[in-house]
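Structure data follow from upload10.pdb (PDB, C-alpha atoms and all ligand atoms):
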MODEL        1
ATOM      1  CA  MET A 222     102.877  79.972 122.882
ATOM      2  CA  LYS A 223     103.434  77.121 120.413
ATOM      3  CA  THR A 224     106.079  74.468 121.087
ATOM      4  CA  LEU A 225     108.306  72.995 118.389
ATOM      5  CA  PRO A 226     106.794  69.457 118.626
ATOM      6  CA  GLU A 227     103.418  71.105 118.008
ATOM      7  CA  LEU A 228     104.697  72.400 114.681
ATOM      8  CA  PHE A 229     105.546  68.843 113.588
ATOM      9  CA  SER A 230     102.198  67.487 114.713
ATOM     10  CA  ASN A 231     100.498  70.366 112.868
ATOM     11  CA  ASN A 232     102.438  69.340 109.789
ATOM     12  CA  GLN A 233     101.151  65.757 110.092
ATOM     13  CA  LYS A 234      97.549  66.966 110.397
ATOM     14  CA  TRP A 235      98.002  69.342 107.468
ATOM     15  CA  ARG A 236      99.374  66.746 105.077
ATOM     16  CA  VAL A 237      96.748  64.153 106.055
ATOM     17  CA  GLU A 238      94.008  66.730 105.496
ATOM     18  CA  ILE A 239      95.364  67.705 102.068
ATOM     19  CA  GLU A 240      95.740  64.049 101.010
ATOM     20  CA  LYS A 241      92.158  63.412 102.125
ATOM     21  CA  GLN A 242      90.874  66.302 100.006
ATOM     22  CA  HIS A 243      93.201  65.707  97.048
ATOM     23  CA  PRO A 244      94.412  62.068  96.948
ATOM     24  CA  GLY A 245      97.906  61.784  95.404
ATOM     25  CA  PHE A 246      98.518  65.508  95.856
ATOM     26  CA  PHE A 247     102.047  65.338  97.212
ATOM     27  CA  GLU A 248     103.170  62.573  94.852
ATOM     28  CA  ALA A 249     102.096  64.683  91.861
ATOM     29  CA  LEU A 250     103.706  67.786  93.343
ATOM     30  CA  GLY A 251     106.950  65.882  93.883
ATOM     31  CA  LYS A 252     107.257  65.410  90.115
ATOM     32  CA  GLN A 253     106.879  69.009  88.959
ATOM     33  CA  GLN A 254     105.760  72.549  89.684
ATOM     34  CA  SER A 255     104.087  74.853  87.191
ATOM     35  CA  PRO A 256     102.990  77.991  89.020
ATOM     36  CA  GLU A 257     101.709  80.863  86.899
ATOM     37  CA  PHE A 258     102.490  83.557  89.448
ATOM     38  CA  LEU A 259     105.557  85.027  91.105
ATOM     39  CA  TRP A 260     104.820  86.847  94.364
ATOM     40  CA  ILE A 261     107.385  89.397  95.558
ATOM     41  CA  GLY A 262     106.281  90.324  99.058
ATOM     42  CA  CYS A 263     107.411  91.527 102.463
ATOM     43  CA  ALA A 264     108.977  89.096 104.931
ATOM     44  CA  ASP A 265     106.452  90.254 107.569
ATOM     45  CA  SER A 266     104.932  87.182 109.297
ATOM     46  CA  ARG A 267     101.473  88.681 108.965
ATOM     47  CA  VAL A 268     101.504  88.511 105.168
ATOM     48  CA  PRO A 269     101.610  84.780 104.287
ATOM     49  CA  ALA A 270     101.562  84.716 100.482
ATOM     50  CA  ASN A 271      99.680  81.465  99.731
ATOM     51  CA  GLU A 272      97.065  81.930 102.453
ATOM     52  CA  VAL A 273      96.238  85.493 101.439
ATOM     53  CA  VAL A 274      95.275  84.422  97.918
ATOM     54  CA  GLY A 275      94.037  80.920  98.756
ATOM     55  CA  LEU A 276      96.568  79.046  96.635
ATOM     56  CA  MET A 277      97.866  75.535  97.211
ATOM     57  CA  PRO A 278     101.519  74.451  97.273
ATOM     58  CA  GLY A 279     102.759  74.446  93.677
ATOM     59  CA  GLU A 280     100.599  77.363  92.568
ATOM     60  CA  LEU A 281     102.641  80.354  93.690
ATOM     61  CA  PHE A 282     106.373  81.006  93.340
ATOM     62  CA  VAL A 283     107.399  83.259  96.207
ATOM     63  CA  HIS A 284     110.204  85.659  97.061
ATOM     64  CA  ARG A 285     110.013  87.689 100.259
ATOM     65  CA  ASN A 286     112.329  90.229 101.864
ATOM     66  CA  VAL A 287     112.060  93.237 104.162
ATOM     67  CA  ALA A 288     109.766  95.839 102.517
ATOM     68  CA  ASN A 289     109.296  93.796  99.287
ATOM     69  CA  LEU A 290     112.227  95.438  97.527
ATOM     70  CA  VAL A 291     113.668  94.820  94.101
ATOM     71  CA  ASN A 292     117.334  95.807  94.089
ATOM     72  CA  HIS A 293     119.183  95.293  90.820
ATOM     73  CA  THR A 294     122.206  93.902  92.646
ATOM     74  CA  ASP A 295     120.215  91.374  94.702
ATOM     75  CA  LEU A 296     121.385  88.022  93.313
ATOM     76  CA  ASN A 297     118.867  86.177  95.448
ATOM     77  CA  LEU A 298     115.878  88.004  93.983
ATOM     78  CA  LEU A 299     117.329  88.031  90.446
ATOM     79  CA  SER A 300     117.882  84.269  90.553
ATOM     80  CA  VAL A 301     114.305  83.666  91.706
ATOM     81  CA  LEU A 302     113.097  86.022  88.989
ATOM     82  CA  GLN A 303     115.166  84.373  86.271
ATOM     83  CA  PHE A 304     113.956  80.895  87.218
ATOM     84  CA  ALA A 305     110.351  82.061  87.435
ATOM     85  CA  VAL A 306     110.382  83.881  84.079
ATOM     86  CA  ASP A 307     112.779  81.811  81.974
ATOM     87  CA  VAL A 308     112.076  78.294  83.245
ATOM     88  CA  LEU A 309     108.652  78.270  84.921
ATOM     89  CA  LYS A 310     107.360  80.884  82.476
ATOM     90  CA  VAL A 311     105.074  82.576  85.010
ATOM     91  CA  LYS A 312     102.555  84.880  83.370
ATOM     92  CA  HIS A 313     102.201  87.316  86.250
ATOM     93  CA  ILE A 314     104.605  88.899  88.715
ATOM     94  CA  MET A 315     102.937  90.654  91.612
ATOM     95  CA  VAL A 316     104.806  93.045  93.865
ATOM     96  CA  VAL A 317     102.750  92.935  97.053
ATOM     97  CA  GLY A 318     103.292  95.593  99.686
ATOM     98  CA  HIS A 319     101.309  95.958 102.870
ATOM     99  CA  TYR A 320     100.038  98.837 104.944
ATOM    100  CA  GLY A 321     101.900  99.453 108.184
ATOM    101  CA  CYS A 322     105.154  98.028 106.771
ATOM    102  CA  GLY A 323     107.883  98.328 109.426
ATOM    103  CA  GLY A 324     110.611  98.584 106.777
ATOM    104  CA  VAL A 325     108.883 101.475 105.020
ATOM    105  CA  LYS A 326     108.209 103.156 108.377
ATOM    106  CA  ALA A 327     111.863 102.849 109.388
ATOM    107  CA  SER A 328     112.922 104.480 106.129
ATOM    108  CA  MET A 329     110.804 107.533 106.987
ATOM    109  CA  GLU A 330     112.362 108.101 110.397
ATOM    110  CA  ASP A 331     115.612 109.823 111.258
ATOM    111  CA  VAL A 332     116.735 107.017 113.559
ATOM    112  CA  PRO A 333     119.801 104.981 112.558
ATOM    113  CA  LEU A 334     119.164 101.215 112.740
ATOM    114  CA  GLY A 335     122.507  99.922 111.517
ATOM    115  CA  LEU A 336     122.918  97.405 108.734
ATOM    116  CA  ILE A 337     119.320  97.425 107.567
ATOM    117  CA  ASP A 338     119.617 101.130 106.673
ATOM    118  CA  ASN A 339     121.688 100.007 103.674
ATOM    119  CA  TRP A 340     118.904  97.677 102.552
ATOM    120  CA  LEU A 341     116.253 100.349 103.057
ATOM    121  CA  ARG A 342     118.279 103.148 101.453
ATOM    122  CA  GLN A 343     116.299 103.103  98.205
ATOM    123  CA  VAL A 344     113.015 103.477 100.155
ATOM    124  CA  ARG A 345     114.599 106.340 102.091
ATOM    125  CA  GLU A 346     115.460 108.036  98.775
ATOM    126  CA  LEU A 347     111.890 107.513  97.601
ATOM    127  CA  TYR A 348     110.611 109.082 100.819
ATOM    128  CA  LEU A 349     112.935 112.089 100.504
ATOM    129  CA  ARG A 350     111.831 112.642  96.896
ATOM    130  CA  ASN A 351     108.179 112.610  97.981
ATOM    131  CA  ARG A 352     108.497 114.329 101.345
ATOM    132  CA  LYS A 353     106.932 117.598 100.207
ATOM    133  CA  ASN A 354     103.788 115.938  98.862
ATOM    134  CA  LEU A 355     103.516 113.589 101.828
ATOM    135  CA  ALA A 356     103.609 116.585 104.196
ATOM    136  CA  GLY A 357     100.224 117.632 102.794
ATOM    137  CA  LEU A 358      98.531 114.463 104.110
ATOM    138  CA  PRO A 359      96.557 114.695 107.375
ATOM    139  CA  ASP A 360      98.723 112.532 109.674
ATOM    140  CA  ASP A 361     101.612 110.079 110.023
ATOM    141  CA  GLN A 362      99.314 107.131 109.389
ATOM    142  CA  ALA A 363      98.195 108.569 106.055
ATOM    143  CA  ARG A 364     101.810 109.363 105.131
ATOM    144  CA  LEU A 365     102.927 105.806 105.926
ATOM    145  CA  ASP A 366     100.004 104.320 103.958
ATOM    146  CA  LYS A 367     100.878 106.474 100.964
ATOM    147  CA  MET A 368     104.562 105.584 101.205
ATOM    148  CA  CYS A 369     103.674 101.863 101.268
ATOM    149  CA  GLU A 370     101.756 102.406  98.008
ATOM    150  CA  LEU A 371     104.543 104.498  96.433
ATOM    151  CA  ASN A 372     107.022 101.799  97.379
ATOM    152  CA  VAL A 373     104.978  99.158  95.541
ATOM    153  CA  ALA A 374     104.914 101.337  92.393
ATOM    154  CA  ARG A 375     108.669 101.901  92.654
ATOM    155  CA  GLN A 376     109.376  98.152  92.990
ATOM    156  CA  VAL A 377     107.119  97.436  89.998
ATOM    157  CA  ILE A 378     109.317  99.844  88.019
ATOM    158  CA  ASN A 379     112.444  98.137  89.361
ATOM    159  CA  VAL A 380     111.317  94.606  88.528
ATOM    160  CA  SER A 381     110.156  95.716  85.079
ATOM    161  CA  ASN A 382     113.596  97.199  84.381
ATOM    162  CA  THR A 383     115.532  94.044  85.287
ATOM    163  CA  THR A 384     117.325  92.353  82.394
ATOM    164  CA  VAL A 385     115.178  89.259  83.025
ATOM    165  CA  VAL A 386     111.846  91.024  82.442
ATOM    166  CA  GLN A 387     113.227  93.233  79.664
ATOM    167  CA  GLU A 388     114.523  90.186  77.766
ATOM    168  CA  ALA A 389     111.216  88.349  78.243
ATOM    169  CA  TRP A 390     109.332  91.262  76.700
ATOM    170  CA  ARG A 391     111.878  91.508  73.878
ATOM    171  CA  ARG A 392     111.123  87.918  72.875
ATOM    172  CA  ASP A 393     107.351  88.619  73.182
ATOM    173  CA  GLN A 394     106.846  86.384  76.192
ATOM    174  CA  GLU A 395     103.492  87.056  77.843
ATOM    175  CA  LEU A 396     104.339  88.610  81.220
ATOM    176  CA  THR A 397     102.514  91.222  83.292
ATOM    177  CA  VAL A 398     103.888  92.966  86.380
ATOM    178  CA  HIS A 399     101.267  94.038  88.937
ATOM    179  CA  GLY A 400     101.275  96.270  92.020
ATOM    180  CA  TRP A 401      99.114  95.112  94.913
ATOM    181  CA  ILE A 402      98.797  96.043  98.568
ATOM    182  CA  TYR A 403      97.535  94.084 101.551
ATOM    183  CA  GLY A 404      95.836  95.389 104.693
ATOM    184  CA  ILE A 405      97.095  93.569 107.780
ATOM    185  CA  GLY A 406      94.268  94.997 109.894
ATOM    186  CA  ASP A 407      91.427  93.757 107.674
ATOM    187  CA  GLY A 408      92.946  91.020 105.499
ATOM    188  CA  VAL A 409      91.956  92.831 102.296
ATOM    189  CA  LEU A 410      94.179  92.557  99.236
ATOM    190  CA  GLN A 411      93.865  95.476  96.795
ATOM    191  CA  ASP A 412      95.011  95.988  93.243
ATOM    192  CA  LEU A 413      96.732  99.378  92.995
ATOM    193  CA  ASP A 414      95.678  99.406  89.356
ATOM    194  CA  ILE A 415      99.237  98.953  88.142
ATOM    195  CA  GLN A 416      99.577  96.446  85.305
ATOM    196  CA  ILE A 417     102.716  96.651  83.197
ATOM    197  CA  GLN A 418     102.927  94.486  80.095
ATOM    198  CA  GLY A 419     105.714  96.242  78.238
ATOM    199  CA  ASN A 420     107.981  99.261  78.014
ATOM    200  CA  GLN A 421     105.304 101.680  76.868
ATOM    201  CA  GLU A 422     103.280 101.197  80.056
ATOM    202  CA  LEU A 423     106.493 101.162  82.061
ATOM    203  CA  ARG A 424     107.514 104.593  80.750
ATOM    204  CA  THR A 425     104.052 105.963  81.636
ATOM    205  CA  LEU A 426     104.361 104.660  85.195
ATOM    206  CA  GLU A 427     107.869 106.119  85.485
ATOM    207  CA  ASN A 428     106.666 109.502  84.202
ATOM    208  CA  ASN A 429     103.720 109.504  86.617
ATOM    209  CA  GLU A 430     106.090 108.788  89.476
ATOM    210  CA  TYR A 431     108.384 111.605  88.387
ATOM    211  CA  ASP A 432     105.438 114.035  88.053
ATOM    212  CA  SER A 433     104.065 113.155  91.482
ATOM    213  CA  CYS A 434     107.498 113.830  93.024
ATOM    214  CA  SER A 435     108.041 117.150  91.325
ATOM    215  CA  GLY A 436     104.399 118.309  91.519
TER     216      GLY A 436
HETATM  217 ZN    ZN B 501     106.632  94.925 105.632
ENDMDL
END

Please, can you express the file's structure as C-alpha cells?
Ligand code: ZN
Amino acid sequence: MKTLPELFSNNQKWRVEIEKQHPGFFEALGKQQSPEFLWIGCADSRVPANEVVGLMPGELFVHRNVANLVNHTDLNLLSVLQFAVDVLKVKHIMVVGHYGCGGVKASMEDVPLGLIDNWLRQVRELYLRNRKNLAGLPDDQARLDKMCELNVARQVINVSNTTVVQEAWRRDQELTVHGWIYGIGDGVLQDLDIQIQGNQELRTLENNEYDSCSG
C-alpha cells in the first residue's frame, strides 16, 4: 500500500526525470497548451489516458466519467468539449471505452444501485434495445464485451450531435470523432473503425445502430 508522502516523493522524481529528458519542459508548458486530441474516457483507474497512448502533459485534453458517457445535459462535459473544439481547436475527439466496464455491466443487471442508475440510464436503454441480439452471444462475458463496444458507438453519436461539434462542422472546422476501446487485461487499444467527420457519416452510423437493434 502506498502512503501519501510517497506520492509527493514520486512527484519530485517524476518532474526531475522529465526535466532531465526535456530541459525547460515545465516552463514551456506553463505558458500554453496546444493538444490536438480530446479523450473522453471512463473514470476507471485502470485506464489512464496519457499513459495508454504514450503522450506527455500538454498533448491530450481529457474528460473522464463513469462509463465514458456523453449526456447532452452534462455541463461539465459540454464545457470541456466547447473549450477543446472552439479554443484549443483539437482535430480529433476519441471516445474510449474499455472491456469489462463496471458501469456498463451495472446497466445490464436488474439490481438497483441508487443514484448512479440515473447516470447509467442511457446505457440501460441501449442494453434493452439490443437485448434480443445480445442473447444470441455465447456467454455473459461476450455480451458485456459487445455492450462496451455498442456503448462507444452510441457515445460517438452523442458527441457528434452536440451543438459544439455540429457548429464546428458547419463552419468547416477539421474535426473527426473516433470510437476506440481498451483492453484492461492486455493493455491493447483498438480502433473500432468508427471515424465521423461530418453529418453524412454520422447518419450512416446512426442507421447502422438502428438496424442492429431491430435486426
Ligand atoms: Zn468503465

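Comparing the minimum interatomic distances between Asp414 in chain A and each of A:Glu227, A:Asp361, A:Glu370, A:Glu272, counting only C-alpha atoms, we find that A:Glu370 sits nearest.
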
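Using only C-alpha atoms and all ligand atoms, residues with at least one atom at most 9 Å away from any atom of ligand ZN 501 (chain B) are Gly262, Cys263, Ala264, Asp265, Ser266, Arg267, Val268, Asn286, Val287, Ala288, Asn289, Gly318, His319, Tyr320, Gly321, Cys322, Gly323, Gly324, Val325, Lys326 and Cys369 of chain A.
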
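The two atoms in question, CA of Asn351 in chain A and CA of Met368 in chain A, are spaced 8.5 Å apart.
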
#### Entry: Explicit residues for the PyMOL selection byres (((chain A and resi 301) around 12) and not hetatm) (as a PyMOL selection string)
chain A and resi 259-261+282-285+291+295-300+302-311+314+380+385

### Task
Any chance you could resolve the PyMOL selection byres (((chain A and resi 391-403) around 7) and not hetatm) against this file and give the residues as a PyMOL selection string?
chain A and resi 312-320+373-374+377+381+387-390+404-405+408-418

Could you give me, as a Markdown table, a per-residue list for range 262-356 of chain A showing, wherever an atom lies at most 12 Å from an atom of range 244-252 of chain A, the closest pair of atoms and their distance in Å to one decimal, using all atoms listed in the file and sorting by chain then residue number from low to high?
| residue | atom | partner | partner_atom | distance |
| --- | --- | --- | --- | --- |
| A:Met277 | CA | A:Phe246 | CA | 10.1 |
| A:Pro278 | CA | A:Leu250 | CA | 8.0 |
| A:Gly279 | CA | A:Leu250 | CA | 6.7 |
| A:Glu280 | CA | A:Leu250 | CA | 10.1 |

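The space between CA of Asp407 in chain A and CA of Asn354 in chain A spans 26.9 Å.
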
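Computed from the coordinates, the CA of Val386 in chain A to CA of Asp338 in chain A distance equals 27.4 Å.
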
#### Entry: Ref. answer, residues at most 9 Å from (122.4, 93.2, 100.9) with all atoms listed in the file, as a count of residues only
7

### Task
Decode the PyMOL selection byres (((chain A and resi 349) around 12) and not hetatm) for the given file into explicit residues and return them as a PyMOL selection string.
chain A and resi 328-331+342-348+350-356+368+434-435

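Restricting the calculation to all atoms listed in the file, the smallest distance between Leu365 in chain A and any of A:Ala327, A:Leu334, A:Leu426, A:Ile378 is found for A:Ala327.
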